[in-house]
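Heads up, the thing below is written out as structure tokens.
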Amino acid sequence: MPRTLLPRTLRTASRHATVAAACAAALGLTLSVAAAGSAAAVPHPRQSAAAAHTAGSDPNGRHTATEIRRFLTGFYGHHGPTNWARAHQVSDYLKDRAEHTEGYDLLLCAQNTPREISIGKVTTAQSAGVGWATVTTIWDGKARGTFTAYVDLDSDPIELQDVNCPQ
């Protein structure tokens with residue numbers, strides 16, 4: 001029977017069944033690889049939270065505020081990004097800027113390692129394709145610093161796109 005003669009609900013149901021079967025197969029493959037102990041298939045521990053963006057709820061497939069917050073929290077951790085995060089979760093543009101910034105760590109907007117880091121409320125601008133949050137660094141003696149971290153809503157995988165350090 002030609003496809004055009006099938007009722008729309010049957011075509012949609014067939015599509016959903018196909019997608020569900022593909023997801024189940026992928027999950028089964030992932031679990032069997034993980035069970036085999038393949039280190040190559042296991043993501044970096046800090047990547048696990050960021051990788052969750054694939055199950056996002058944005059209808060356009062863009063990163064949501066919740067996903068961006070999860071990413072930034074994992075990326076910055078308690079004391080700043082790890083060498084692995086710097087190499088794999090930062091845009092090429094920001095890596096280049098950081099390499100040419102002397103005297104301080106551009107990703108932290110600071111010269112030293114903070115005692116603690118917290119991520120503020122995430123804002124997304126769909127029309128601009130960007131999300132951002134204020135990152136607060138806490139130093140010895142309770143001093144605080146803030147800067148803004150930006151994420152491209154369409155980046156895949158999710159990565160830190162830019163930072164805006166105070167002057």
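In the structure tokens, chains take the letters A, B, ... in the order shown, each chain's residues start at 1, and ligands count up from 1 in the order shown.
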
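Residues in contact with Ala149 of chain A at 10 Å, where only C-alpha atoms are counted and same-chain residues fewer than 5 positions away are skipped, are listed as A:Leu72, A:Leu107, A:Leu108, A:Ile119, A:Val122, A:Gly131, A:Trp132, A:Ala133, A:Thr134, A:Val135, A:Leu160, A:Gln161, A:Asp162, A:Val163, A:Asn164, A:Cys165.
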
Those residues with N, CA and C atoms, as a short mmCIF file (atom, residue, chain, number, x, y, z; two decimals), in the first residue's frame please?
```cif
data_model
loop_
_atom_site.label_atom_id
_atom_site.label_comp_id
_atom_site.auth_asym_id
_atom_site.auth_seq_id
_atom_site.Cartn_x
_atom_site.Cartn_y
_atom_site.Cartn_z
N LEU A 72 27.98 23.61 33.40
CA LEU A 72 28.87 24.57 34.06
C LEU A 72 29.27 24.11 35.45
N LEU A 107 39.87 31.30 31.99
CA LEU A 107 38.66 30.50 32.27
C LEU A 107 38.14 30.74 33.68
N LEU A 108 39.00 31.22 34.57
CA LEU A 108 38.59 31.54 35.95
C LEU A 108 38.59 33.05 36.22
N ILE A 119 27.65 28.33 40.64
CA ILE A 119 27.04 28.75 39.39
C ILE A 119 25.68 29.36 39.70
N VAL A 122 20.88 30.36 35.25
CA VAL A 122 21.21 30.33 33.82
C VAL A 122 20.10 31.03 33.05
N GLY A 131 23.42 30.77 25.93
CA GLY A 131 22.99 30.72 27.32
C GLY A 131 24.15 31.17 28.18
N TRP A 132 23.85 31.74 29.34
CA TRP A 132 24.92 32.23 30.20
C TRP A 132 24.52 32.17 31.66
N ALA A 133 25.54 32.23 32.51
CA ALA A 133 25.32 32.24 33.95
C ALA A 133 26.47 33.00 34.60
N THR A 134 26.18 33.56 35.76
CA THR A 134 27.23 34.19 36.56
C THR A 134 27.95 33.10 37.35
N VAL A 135 29.26 33.11 37.28
CA VAL A 135 30.09 32.18 38.04
C VAL A 135 30.69 32.98 39.19
N LEU A 160 32.11 25.24 26.77
CA LEU A 160 32.21 26.62 27.18
C LEU A 160 32.61 27.44 25.96
N GLN A 161 31.81 28.41 25.60
CA GLN A 161 32.04 29.20 24.39
C GLN A 161 32.89 30.43 24.67
N ASP A 162 32.60 31.13 25.80
CA ASP A 162 33.31 32.38 26.08
C ASP A 162 33.13 32.71 27.55
N VAL A 163 33.95 33.62 28.04
CA VAL A 163 33.80 34.18 29.39
C VAL A 163 33.96 35.69 29.29
N ASN A 164 33.33 36.38 30.22
CA ASN A 164 33.44 37.84 30.29
C ASN A 164 33.94 38.19 31.69
N CYS A 165 35.20 38.52 31.79
CA CYS A 165 35.81 38.88 33.06
C CYS A 165 35.57 40.34 33.37
#
```

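Separating atom CA of Leu153 of chain A from atom CA of Tyr93 of chain A is a distance of 15.7 Å.
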
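Here atom CA of Val130 of chain A and atom CA of Ile158 of chain A stand 11.5 Å from one another.
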
Next item on the list: Would you list the contacts of segment 61-66 of chain A as a PyMOL selection string, taking every protein, DNA or RNA residue within 8 Å and counting only C-alpha atoms, but skipping same-chain residues closer than 2 positions in sequence?
Entry: chain A and resi 53+56-59+68-70+122-124+131+153-154+158

Could you write out the selected residues, including C-alpha atoms, as an mmCIF file, in the first residue's frame?
```cif
data_model
loop_
_atom_site.group_PDB
_atom_site.id
_atom_site.type_symbol
_atom_site.label_atom_id
_atom_site.label_comp_id
_atom_site.auth_asym_id
_atom_site.auth_seq_id
_atom_site.Cartn_x
_atom_site.Cartn_y
_atom_site.Cartn_z
ATOM 1 C CA HIS A 53 22.113 17.033 27.220
ATOM 2 C CA GLY A 56 17.014 17.468 26.576
ATOM 3 C CA SER A 57 13.476 18.679 26.355
ATOM 4 C CA ASP A 58 14.013 21.584 23.960
ATOM 5 C CA PRO A 59 11.881 20.961 20.838
ATOM 6 C CA ILE A 68 23.763 24.417 30.780
ATOM 7 C CA ARG A 69 23.719 24.680 34.567
ATOM 8 C CA ARG A 70 24.601 20.983 34.882
ATOM 9 C CA VAL A 122 21.212 30.332 33.825
ATOM 10 C CA THR A 123 19.585 32.543 31.207
ATOM 11 C CA THR A 124 19.029 31.460 27.608
ATOM 12 C CA GLY A 131 22.993 30.719 27.322
ATOM 13 C CA LEU A 153 22.872 26.522 22.624
ATOM 14 C CA ASP A 154 23.639 24.514 19.478
ATOM 15 C CA ILE A 158 28.185 21.135 24.873
#
```
